[in-house]
Structure formats: C-alpha cells, structure tokens
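Below is the file my_file.txt, which contains compact mmCIF, C-alpha atoms.
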```txt
# COMPACT_ATOMS: atom_id res chain seq x y z
CA GLN A 154 34.16 -5.76 -6.64
CA GLU A 155 36.60 -5.30 -3.79
CA PHE A 156 38.58 -2.83 -1.72
CA ARG A 157 42.32 -2.76 -2.27
CA PHE A 158 44.00 -0.81 0.52
CA GLY A 159 47.52 -1.31 -0.75
CA SER A 160 48.26 -5.00 -0.33
CA CYS A 161 45.17 -5.50 1.85
CA GLN A 162 42.28 -6.91 -0.13
CA VAL A 163 38.66 -6.92 1.06
CA THR A 164 35.89 -8.76 -0.75
CA GLY A 165 32.22 -9.29 -0.08
CA VAL A 166 31.31 -5.66 0.55
CA VAL A 167 29.01 -3.74 -1.83
CA LEU A 168 29.88 -0.07 -1.40
CA PRO A 169 26.63 1.27 -2.91
CA GLU A 170 24.78 -0.51 -0.09
CA LEU A 171 26.86 1.34 2.51
CA TRP A 172 26.06 4.65 0.81
CA GLU A 173 22.36 3.83 0.67
CA ALA A 174 22.42 2.87 4.36
CA PHE A 175 24.14 6.11 5.35
CA TRP A 176 21.87 8.27 3.22
CA THR A 177 18.81 7.06 5.08
CA MET A 178 20.37 8.41 8.30
CA LYS A 179 22.40 11.33 6.99
CA ASN A 180 20.05 14.26 7.54
CA THR A 181 18.72 12.85 10.82
CA VAL A 182 22.24 12.56 12.20
CA GLN A 183 23.97 15.56 10.64
CA THR A 184 21.25 18.02 11.69
CA GLN A 185 21.97 17.07 15.29
CA ASP A 186 25.56 18.23 14.85
CA ASP A 187 25.42 21.99 15.29
CA ILE A 188 29.17 22.52 15.47
CA THR A 189 29.88 23.24 11.83
CA SER A 190 33.29 24.72 12.65
CA VAL A 191 34.81 21.45 13.86
CA ARG A 192 35.56 18.44 11.66
CA LEU A 193 37.02 15.25 13.10
CA LEU A 194 38.11 13.63 9.82
CA LYS A 195 40.02 16.72 8.81
CA PRO A 196 41.55 16.94 5.32
CA GLN A 197 45.00 16.34 6.88
CA VAL A 198 43.83 12.95 8.16
CA LEU A 199 42.78 11.60 4.76
CA ARG A 200 44.59 13.65 2.13
CA ASN A 201 47.35 12.03 0.04
CA VAL A 202 47.27 8.71 1.91
CA SER A 203 49.59 6.31 0.09
CA ASP A 204 48.38 2.86 -0.85
CA ALA A 205 50.81 1.31 1.60
CA GLU A 206 49.56 3.55 4.41
CA SER A 207 45.89 3.07 3.58
CA CYS A 208 45.57 -0.42 5.10
CA TYR A 209 46.90 0.77 8.47
CA LEU A 210 44.72 3.88 8.49
CA ALA A 211 41.57 2.05 7.37
CA HIS A 212 42.15 -0.55 10.09
CA SER A 213 42.61 2.07 12.83
CA LEU A 214 39.63 4.19 11.77
CA LEU A 215 37.22 1.28 11.30
CA LYS A 216 38.28 -0.26 14.60
CA PHE A 217 37.60 3.07 16.36
CA TYR A 218 34.27 3.46 14.62
CA LEU A 219 33.19 -0.04 15.62
CA ASN A 220 34.52 -0.06 19.18
CA THR A 221 33.71 3.52 20.12
CA VAL A 222 31.31 5.26 17.76
CA PHE A 223 28.92 2.52 16.68
CA LYS A 224 29.01 0.81 20.05
CA ASN A 225 28.00 3.92 21.97
CA TYR A 226 25.79 5.50 19.35
CA HIS A 227 23.60 2.42 18.92
CA SER A 228 21.26 3.35 21.77
CA LYS A 229 20.66 6.83 20.33
CA ILE A 230 19.99 5.70 16.80
CA ALA A 231 17.24 3.32 17.93
CA LYS A 232 14.74 6.12 18.40
CA PHE A 233 15.19 7.33 14.81
CA LYS A 234 13.86 4.05 13.31
CA VAL A 235 16.97 3.59 11.16
CA LEU A 236 18.34 0.56 12.99
CA ARG A 237 18.38 -1.54 9.83
CA SER A 238 20.61 0.97 8.03
CA PHE A 239 22.76 1.34 11.12
CA SER A 240 23.23 -2.45 11.24
CA THR A 241 24.06 -2.58 7.53
CA LEU A 242 26.85 -0.09 8.07
CA ALA A 243 28.14 -1.73 11.24
CA ASN A 244 28.09 -5.26 9.81
CA ASN A 245 29.90 -4.19 6.67
CA PHE A 246 32.51 -2.36 8.73
CA ILE A 247 33.04 -5.61 10.65
CA VAL A 248 33.47 -7.53 7.39
CA ILE A 249 36.04 -5.01 6.16
CA MET A 250 37.87 -4.94 9.48
CA SER A 251 38.07 -8.71 9.68
CA GLN A 252 39.80 -8.91 6.32
CA LEU A 253 42.28 -6.08 6.88
CA GLN A 254 45.59 -7.62 7.89
CA PRO A 255 48.12 -4.75 8.00
CA SER A 256 51.65 -6.07 7.67
CA LYS A 257 53.67 -6.21 10.90
CA ASP A 258 56.94 -6.27 9.00
CA ASN A 259 59.61 -3.98 10.53
CA SER A 260 60.29 -2.47 7.14
CA MET A 261 56.77 -1.03 7.22
CA LEU A 262 57.29 0.79 10.53
CA PRO A 263 57.70 4.31 9.04
CA ILE A 264 54.49 3.81 7.01
CA SER A 265 52.47 2.40 9.88
CA GLU A 266 53.73 5.23 12.09
CA SER A 267 52.64 7.82 9.52
CA ALA A 268 49.19 6.24 9.41
CA HIS A 269 49.10 6.21 13.20
CA GLN A 270 49.84 9.94 13.35
CA ARG A 271 46.92 10.58 11.02
CA PHE A 272 44.67 8.45 13.22
CA LEU A 273 45.86 10.28 16.35
CA LEU A 274 44.92 13.59 14.71
CA PHE A 275 41.38 12.29 14.32
CA ARG A 276 41.16 10.76 17.80
CA ARG A 277 42.56 13.89 19.46
CA ALA A 278 39.85 15.98 17.81
CA PHE A 279 37.28 13.42 19.00
CA LYS A 280 38.50 13.55 22.59
CA GLN A 281 38.49 17.35 22.65
CA LEU A 282 34.70 17.33 22.38
CA ASP A 283 32.07 16.30 24.90
CA THR A 284 31.53 12.57 24.40
CA GLU A 285 27.91 12.79 23.25
CA VAL A 286 28.73 15.60 20.83
CA ALA A 287 31.75 13.70 19.54
CA LEU A 288 29.70 10.56 18.92
CA VAL A 289 27.08 12.43 16.90
CA LYS A 290 29.77 14.28 14.93
CA ALA A 291 31.81 11.15 14.21
CA PHE A 292 28.77 9.24 13.06
CA GLY A 293 27.72 12.18 10.90
CA GLU A 294 31.13 12.02 9.24
CA VAL A 295 30.76 8.45 7.98
CA ASP A 296 30.21 9.91 4.51
CA ILE A 297 33.63 11.56 4.72
CA LEU A 298 35.07 8.15 5.57
CA LEU A 299 33.16 6.45 2.73
CA THR A 300 34.28 9.14 0.25
CA TRP A 301 37.89 8.33 1.17
CA MET A 302 37.36 4.53 1.13
CA GLN A 303 35.75 4.79 -2.30
CA LYS A 304 39.15 5.65 -3.81
CA PHE A 305 40.28 2.12 -2.97
CA TYR A 306 37.15 0.39 -4.29
CA HIS A 307 37.34 -1.49 -7.58
CA LEU A 308 34.36 -2.83 -9.50
CA ALA B 45 18.11 22.91 7.00
CA HIS B 46 19.07 24.20 10.40
CA THR B 47 16.55 26.75 11.61
CA THR B 48 16.88 29.83 13.73
CA VAL B 49 13.49 30.54 15.28
CA ASP B 50 11.56 32.08 12.39
CA ILE B 51 8.54 33.61 14.02
CA SER B 52 8.22 36.11 11.18
CA GLY B 53 7.98 33.43 8.45
CA LEU B 54 10.41 35.16 6.10
CA LEU B 55 12.49 32.29 4.78
CA GLN B 56 12.27 28.53 4.10
CA HIS B 57 13.70 25.58 2.14
CA VAL B 58 17.31 26.79 2.01
CA LYS B 59 19.10 24.06 0.07
CA PHE B 60 21.59 23.23 -2.66
CA GLN B 61 20.45 21.99 -6.04
CA SER B 62 23.27 20.37 -8.00
CA SER B 63 23.40 19.03 -11.51
CA ASN B 64 26.67 17.98 -13.22
CA PHE B 65 28.41 19.78 -10.32
CA GLU B 66 26.69 23.09 -11.05
CA ASN B 67 25.79 23.94 -7.45
CA ILE B 68 22.96 26.43 -7.01
CA LEU B 69 21.73 27.58 -3.62
CA THR B 70 17.97 28.09 -3.64
CA TRP B 71 15.37 29.15 -1.06
CA ASP B 72 11.79 30.25 -0.77
CA GLY B 73 10.30 33.28 0.81
CA GLY B 74 7.95 32.64 3.70
CA PRO B 75 4.35 33.73 4.22
CA THR B 76 5.42 37.17 5.45
CA SER B 77 8.15 37.90 2.93
CA THR B 78 7.42 40.69 0.46
CA SER B 79 8.93 41.91 -2.79
CA ASP B 80 11.08 44.23 -0.65
CA THR B 81 12.61 41.37 1.31
CA VAL B 82 16.32 41.12 0.56
CA TYR B 83 18.57 38.12 1.02
CA SER B 84 22.29 37.72 1.70
CA VAL B 85 24.31 34.53 1.21
CA GLU B 86 27.31 33.19 3.10
CA TYR B 87 29.12 29.87 2.77
CA LYS B 88 31.99 27.90 4.27
CA LYS B 89 33.69 24.50 4.30
CA TYR B 90 32.58 22.13 6.99
CA GLY B 91 35.14 22.33 9.79
CA GLU B 92 36.06 25.94 9.19
CA ARG B 93 35.06 28.67 11.57
CA LYS B 94 34.73 31.70 9.26
CA TRP B 95 31.70 32.31 7.05
CA LEU B 96 32.45 33.96 3.72
CA ALA B 97 30.05 36.39 2.07
CA LYS B 98 29.25 35.48 -1.50
CA ALA B 99 29.89 38.53 -3.64
CA GLY B 100 27.01 39.17 -5.95
CA CYS B 101 24.51 37.60 -3.59
CA GLN B 102 24.32 40.32 -0.94
CA ARG B 103 20.96 42.06 -0.34
CA ILE B 104 19.45 40.47 -3.47
CA THR B 105 15.76 39.95 -4.14
CA GLN B 106 16.14 36.83 -6.28
CA LYS B 107 15.85 33.49 -4.45
CA PHE B 108 18.86 31.65 -5.86
CA CYS B 109 22.61 32.07 -5.93
CA ASN B 110 25.21 30.21 -7.97
CA LEU B 111 27.87 28.82 -5.62
CA THR B 112 29.50 26.52 -8.17
CA MET B 113 32.92 28.16 -7.99
CA GLU B 114 32.83 28.40 -4.22
CA THR B 115 31.94 24.74 -3.76
CA ARG B 116 34.07 23.40 -6.57
CA ASN B 117 35.97 20.72 -4.63
CA HIS B 118 33.76 17.70 -5.16
CA THR B 119 35.25 15.71 -2.26
CA GLU B 120 34.83 18.59 0.18
CA PHE B 121 31.83 19.29 2.45
CA TYR B 122 30.16 22.69 2.64
CA TYR B 123 27.48 24.70 4.37
CA ALA B 124 25.67 27.80 3.10
CA LYS B 125 23.27 30.11 4.87
CA VAL B 126 20.83 32.82 3.83
CA THR B 127 19.81 35.83 5.86
CA ALA B 128 16.47 37.44 4.98
CA VAL B 129 15.85 41.07 5.92
CA SER B 130 12.48 42.76 5.65
CA ALA B 131 11.15 46.05 7.02
CA GLY B 132 9.49 45.80 10.40
CA VAL B 133 10.51 42.25 11.27
CA PRO B 134 13.71 40.80 12.71
CA PRO B 135 16.14 39.27 10.17
CA VAL B 136 16.06 35.48 9.80
CA THR B 137 19.00 33.20 8.99
CA LYS B 138 18.72 29.62 7.82
CA MET B 139 21.47 27.14 6.92
CA THR B 140 21.60 24.24 4.47
CA ASP B 141 22.25 20.65 5.37
CA ARG B 142 25.87 19.57 4.99
CA PHE B 143 26.51 19.55 1.24
CA SER B 144 28.80 17.30 -0.78
CA SER B 145 28.46 17.69 -4.53
CA LEU B 146 29.91 14.21 -5.07
CA GLN B 147 26.95 12.75 -3.22
CA HIS B 148 24.24 15.25 -4.14
CA THR B 149 24.81 16.13 -7.79
CA THR B 150 22.46 14.66 -10.35
CA ILE B 151 23.72 13.64 -13.79
CA LYS B 152 22.32 15.32 -16.89
CA PRO B 153 21.66 13.30 -20.04
CA PRO B 154 24.80 12.74 -22.14
CA ASP B 155 25.50 14.61 -25.36
CA VAL B 156 25.31 12.08 -28.19
CA THR B 157 25.54 12.12 -31.97
CA CYS B 158 23.39 9.44 -33.62
CA ILE B 159 24.61 8.61 -37.16
CA PRO B 160 22.32 6.52 -39.40
CA LYS B 161 23.81 4.19 -42.01
CA VAL B 162 22.06 1.70 -44.34
CA ARG B 163 22.02 -1.29 -41.96
CA SER B 164 23.31 0.19 -38.74
CA ILE B 165 23.19 3.21 -36.45
CA GLN B 166 26.34 4.60 -34.86
CA MET B 167 26.22 6.47 -31.58
CA LEU B 168 29.05 8.73 -30.46
CA VAL B 169 28.92 9.86 -26.83
CA HIS B 170 30.70 13.15 -26.20
CA PRO B 171 32.56 13.73 -22.93
CA THR B 172 30.79 15.93 -20.38
CA LEU B 173 33.00 18.62 -18.89
CA THR B 174 32.25 19.75 -15.31
CA PRO B 175 33.30 22.81 -13.31
CA VAL B 176 35.43 20.53 -11.12
CA LEU B 177 39.14 21.18 -11.57
CA SER B 178 41.96 18.68 -11.39
CA GLU B 179 45.02 19.47 -9.30
CA ASP B 180 46.77 20.87 -12.36
CA GLY B 181 43.80 23.09 -13.09
CA HIS B 182 42.08 21.41 -16.05
CA GLN B 183 38.32 20.83 -16.01
CA LEU B 184 37.41 17.24 -15.21
CA THR B 185 34.91 15.21 -17.20
CA LEU B 186 32.27 13.07 -15.51
CA GLU B 187 34.30 10.02 -16.54
CA GLU B 188 37.36 11.33 -14.73
CA ILE B 189 35.35 11.97 -11.56
CA PHE B 190 33.32 8.76 -11.49
CA HIS B 191 35.67 5.82 -12.22
CA ASP B 192 32.70 3.45 -12.27
CA LEU B 193 30.79 5.49 -14.90
CA PHE B 194 29.40 3.57 -17.87
CA TYR B 195 26.88 4.17 -20.66
CA ARG B 196 23.71 2.16 -21.32
CA LEU B 197 22.26 2.35 -24.84
CA GLU B 198 18.91 1.05 -26.04
CA LEU B 199 17.53 0.96 -29.56
CA HIS B 200 13.78 0.52 -29.75
CA VAL B 201 13.13 -1.49 -32.92
CA ASN B 202 9.40 -1.91 -32.33
CA HIS B 203 6.97 -2.11 -29.45
CA THR B 204 8.24 -5.45 -28.28
CA TYR B 205 11.86 -5.58 -29.35
CA GLN B 206 14.82 -3.48 -28.13
CA MET B 207 18.53 -3.88 -28.66
CA HIS B 208 20.95 -3.13 -25.78
CA LEU B 209 24.59 -2.11 -25.58
CA GLU B 210 26.56 -0.87 -22.61
CA GLY B 211 30.15 -0.05 -21.74
CA LYS B 212 32.70 2.59 -20.78
CA GLN B 213 33.82 3.45 -24.32
CA ARG B 214 32.27 6.33 -26.27
CA GLU B 215 31.58 4.74 -29.65
CA TYR B 216 28.82 2.20 -30.22
CA GLU B 217 27.08 0.74 -33.29
CA PHE B 218 23.80 -1.15 -33.54
CA LEU B 219 24.16 -3.57 -36.46
CA GLY B 220 21.87 -5.70 -38.60
CA LEU B 221 19.10 -3.13 -39.01
CA THR B 222 16.51 -2.81 -41.76
CA PRO B 223 17.23 -0.01 -44.27
CA ASP B 224 14.96 3.03 -44.53
CA THR B 225 13.40 2.40 -41.13
CA GLU B 226 12.91 4.70 -38.13
CA PHE B 227 14.36 3.78 -34.75
CA LEU B 228 14.36 5.41 -31.33
CA GLY B 229 17.65 5.45 -29.46
CA SER B 230 18.13 6.27 -25.80
CA ILE B 231 21.43 6.68 -24.00
CA THR B 232 21.87 6.91 -20.22
CA ILE B 233 24.85 7.58 -17.92
CA LEU B 234 25.18 5.40 -14.79
CA THR B 235 27.52 5.61 -11.82
CA PRO B 236 26.59 2.57 -9.71
CA ILE B 237 28.68 3.20 -6.58
CA LEU B 238 26.76 6.36 -5.76
CA SER B 239 23.57 5.00 -7.38
CA LYS B 240 23.33 7.82 -9.91
CA GLU B 241 21.53 7.48 -13.23
CA SER B 242 20.93 10.30 -15.72
CA ALA B 243 17.73 10.88 -17.64
CA PRO B 244 18.17 9.43 -21.16
CA TYR B 245 19.32 11.31 -24.20
CA VAL B 246 16.86 10.32 -26.91
CA CYS B 247 17.41 10.39 -30.66
CA ARG B 248 14.93 9.42 -33.35
CA VAL B 249 16.80 8.34 -36.48
CA LYS B 250 16.04 6.61 -39.77
CA THR B 251 18.42 4.17 -41.48
CA LEU B 252 19.37 5.10 -45.04
CA PRO B 253 17.64 3.54 -48.06
CA ASP B 254 19.52 0.62 -49.65
CA ARG B 255 20.43 1.81 -53.20
CA THR B 256 22.57 -1.17 -54.14
CA TRP B 257 19.82 -2.81 -56.40
```

Would you mind writing the file's structure down as structure tokens?
Amino acid sequence: QEFRFGSCQVTGVVLPELWEAFWTMKNTVQTQDDITSVRLLKPQVLRNVSDAESCYLAHSLLKFYLNTVFKNYHSKIAKFKVLRSFSTLANNFIVIMSQLQPSKDNSMLPISESAHQRFLLFRRAFKQLDTEVALVKAFGEVDILLTWMQKFYHL
Amino acid sequence: AHTTVDISGLLQHVKFQSSNFENILTWDGGPTSTSDTVYSVEYKKYGERKWLAKAGCQRITQKFCNLTMETRNHTEFYYAKVTAVSAGVPPVTKMTDRFSSLQHTTIKPPDVTCIPKVRSIQMLVHPTLTPVLSEDGHQLTLEEIFHDLFYRLELHVNHTYQMHLEGKQREYEFLGLTPDTEFLGSITILTPILSKESAPYVCRVKTLPDRTW
C-alpha cells in the first residue's frame, strides 16, 4: 500500500491508521470551530488536481500543516488527552513529507505554479482569520485533506 | 452537536444517521417538549454562509427528516440544524456535528443469491446502488465509491470447520461439499481504508442429493 502523487511515491504509511487517529479527535476539535461559513480547504483548492500537480500540492499543504498547524496546535491538544492520536497524524505526515520529492524540472513550472496558486488560496484564507481560530479550523479540516489524499492511495 | 442555551429542554441529540449513503437527520424531544412541539430543518455545506430550509421538514412533529438528496455529494461536508418551537417557551436551535457521508455512512449487508449444487454452493453478490451520483448523473455503486471494497465469504460446514473465500469479484463457489447437506453461508462487505464492515448477509442452503447411482 502506497500513495502515488503523480510520479511521487510514498510507502510505509497506513491510511486507515491516520483516519482512526483523526476520528478520535474529530468531534473534540470540530466542535470548537464555530465558524461554519468559512472553509480553508475550499473545493477550489482540491478539486480536479491533476496527478502531476498533486505532488507539489501535497508537499506544500503537508509542510504548512507540520510547520504551522501541528507545531502551534500541539499545546492546545494536550489538554484533550488525544496526544497519541495527534502524534500518529504528525509522524505520518512527516513520513509522507520526507518522501515527496517534487520535480524541479523547468518543464514542470506551469504545473508547480498551478499547485502553488491552489496552496496560496488555502493560506490566504488561513491568514484572514485570527491565528487561534485559524489553527483550530485548519486542524479540524484534516479530514478534508485525508479525503483528498485518499484518491492517491493504492492498496 | 453545537448547542444554543436550551433552558427549556425542548430538543436534543440532533445528528445524522447514514446507511449506504441514505442520510437521515434525527433528533429527540427534550423533557419539556410536547406533542404540539413543531420542528423545522435547515442545512448547508460547510464553508457556505446561507442556510437552506428543507422543504417538507418545516413545522413538522415527526423527529426525523430525510436529507439524502441534499447531502448527496459524498466527498462534501455538511451541517444541519433543527429549530424546535413550542407554546410558551422560547424556540431552541441545535446543529449537528460536521457531517461527511463518506466517513459516517455504515454499510448494509450485501444482496446475495446462494445457489446450491450437488457438491458445491455458488454465491452471486449483486451490486449495491447508492443515491450518490457520478458526474454524468448515473447512480454509483458501493464498489465505484470505495475502490478498496472487497467481499469476505464464509461457509460454516460444522461447528468447528468453516471455509473462507474473499475478493473483489462478484461470483464465488465453495467446492468439494457433501451432497444433500445443509450449510450456513455468510457474506460481508469490507472497505479497509475507512475501516467499514457491513453486517453479514446470511443464507442457509442445502446441497442437492447425488442421483448419479
């Protein structure tokens, strides 16, 4: 079982385990997000992503989640006694990130730029919110991210 | 479910119940609700501002509402809310948790035809259609939605011995059986990525007598 984001291959990650980890936190996290009229991972960010684009977008999103969302949300999650699940998610995101090697070939520039625009759409929405609110919302949207990643997962 | 302060105790447990992507909103009355209490349902996609009233579920007394058509996109995320109105007390509104049918739906047992022969039993699994539509508008089967879906079949020969088959195809045959003998078959649907497993479809079937003597 592996992820295949276009030419980027990722092994050693068991997607059901990521789902199980998120489900233990889902209601705790999502009920803290009262802004139901704002979605960071909007349909335009993830809809109709080509295989070639997917490696770039997955890399950008996972990097943001690790460096911004998980890093700053860690202290808040501790009080909900779901640290183990949180770590499962974070560690698996690190494994995926470490294996994603988006091509730096000039011929891929239009594709990487398209992926970057999608990522900017997400990050702009994140930055428009108060930081604490944005962190809770982004973490609550991990299932949206997993639903998208699942399309590239092969048993 | 998100709660507005419900001092009057009119409404509780507002949630989706989903099975094979049939998405039903259900709720319970509270301690102070009466047979005159009426309920109104609204829904929306997560990320959208506007709530939409569900026609047919406005000022109803029943405590469920079918939102299958309104929440048909299985990769989308939705919210629904119920407002309870009763004489003499302020109305109360409560919202569901964020709902994704892909994650929440349970899988019903498959529809199977068990065909006895003299020394074998054939099992034909029929595709399960769902309300989910493809982009060109045809109803999707569970197999088309869950790419990791497979079937697990068991044939109970006696108390201690079972035969097992599993796979993604729809036709299976248990071979090498004793004629004129009763067997119990059970067939389950599994989708491992989202850790879903249906209850089994069970068939009790007897192999045919061997008339070749």

### Task
For region 145-162 of chain B, work out the shell of residues within 8 Å, counting only C-alpha atoms and skipping chain neighbours fewer than 6 positions away, then give it as an MDAnalysis selection string.
chainID B and resid 61:67 115 118:121 168:172 221:224 231:233 238 240:245 247 249:254

### Task
Counting all atoms listed in the file, figure out which residue out of B:Ser178, B:Gln206, B:Ser144, B:Thr185 gets nearest to chain A.
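The closest residue to chain A is B:Ser144.
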
Any chance you could work out the axis-aligned box around region 150-165 of chain B, listed atoms only, 4 Å on each side, giving centre and edge lengths in Å to one decimal, as JSON?
```
{"center_x": 23.6, "center_y": 7.0, "center_z": -27.3, "size_x": 11.9, "size_y": 24.6, "size_z": 42.0}
```

## Note on the structure
Atom pair CA of Leu210 (chain A) + CA of Arg237 (chain A), distance 26.9 Å

#### Entry: At most 8 Å to chain B: residues in chain A, all atoms listed in the file, as a PyMOL selection string
chain A and resi 168-169+172+180+183-184+189-192+195+300+308

### Task
Would you work out the distance separating CA of Lys234 (chain A) from CA of Lys179 (chain A), expressed in Å to one decimal?
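Taking CA of Lys234 (chain A) and CA of Lys179 (chain A), their separation equals 12.9 Å.
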
### Query
Quick one: distance from CA of Gln162 (chain A) to CA of Leu214 (chain A) in Å, one decimal?
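Those two atoms sit 16.5 Å apart.
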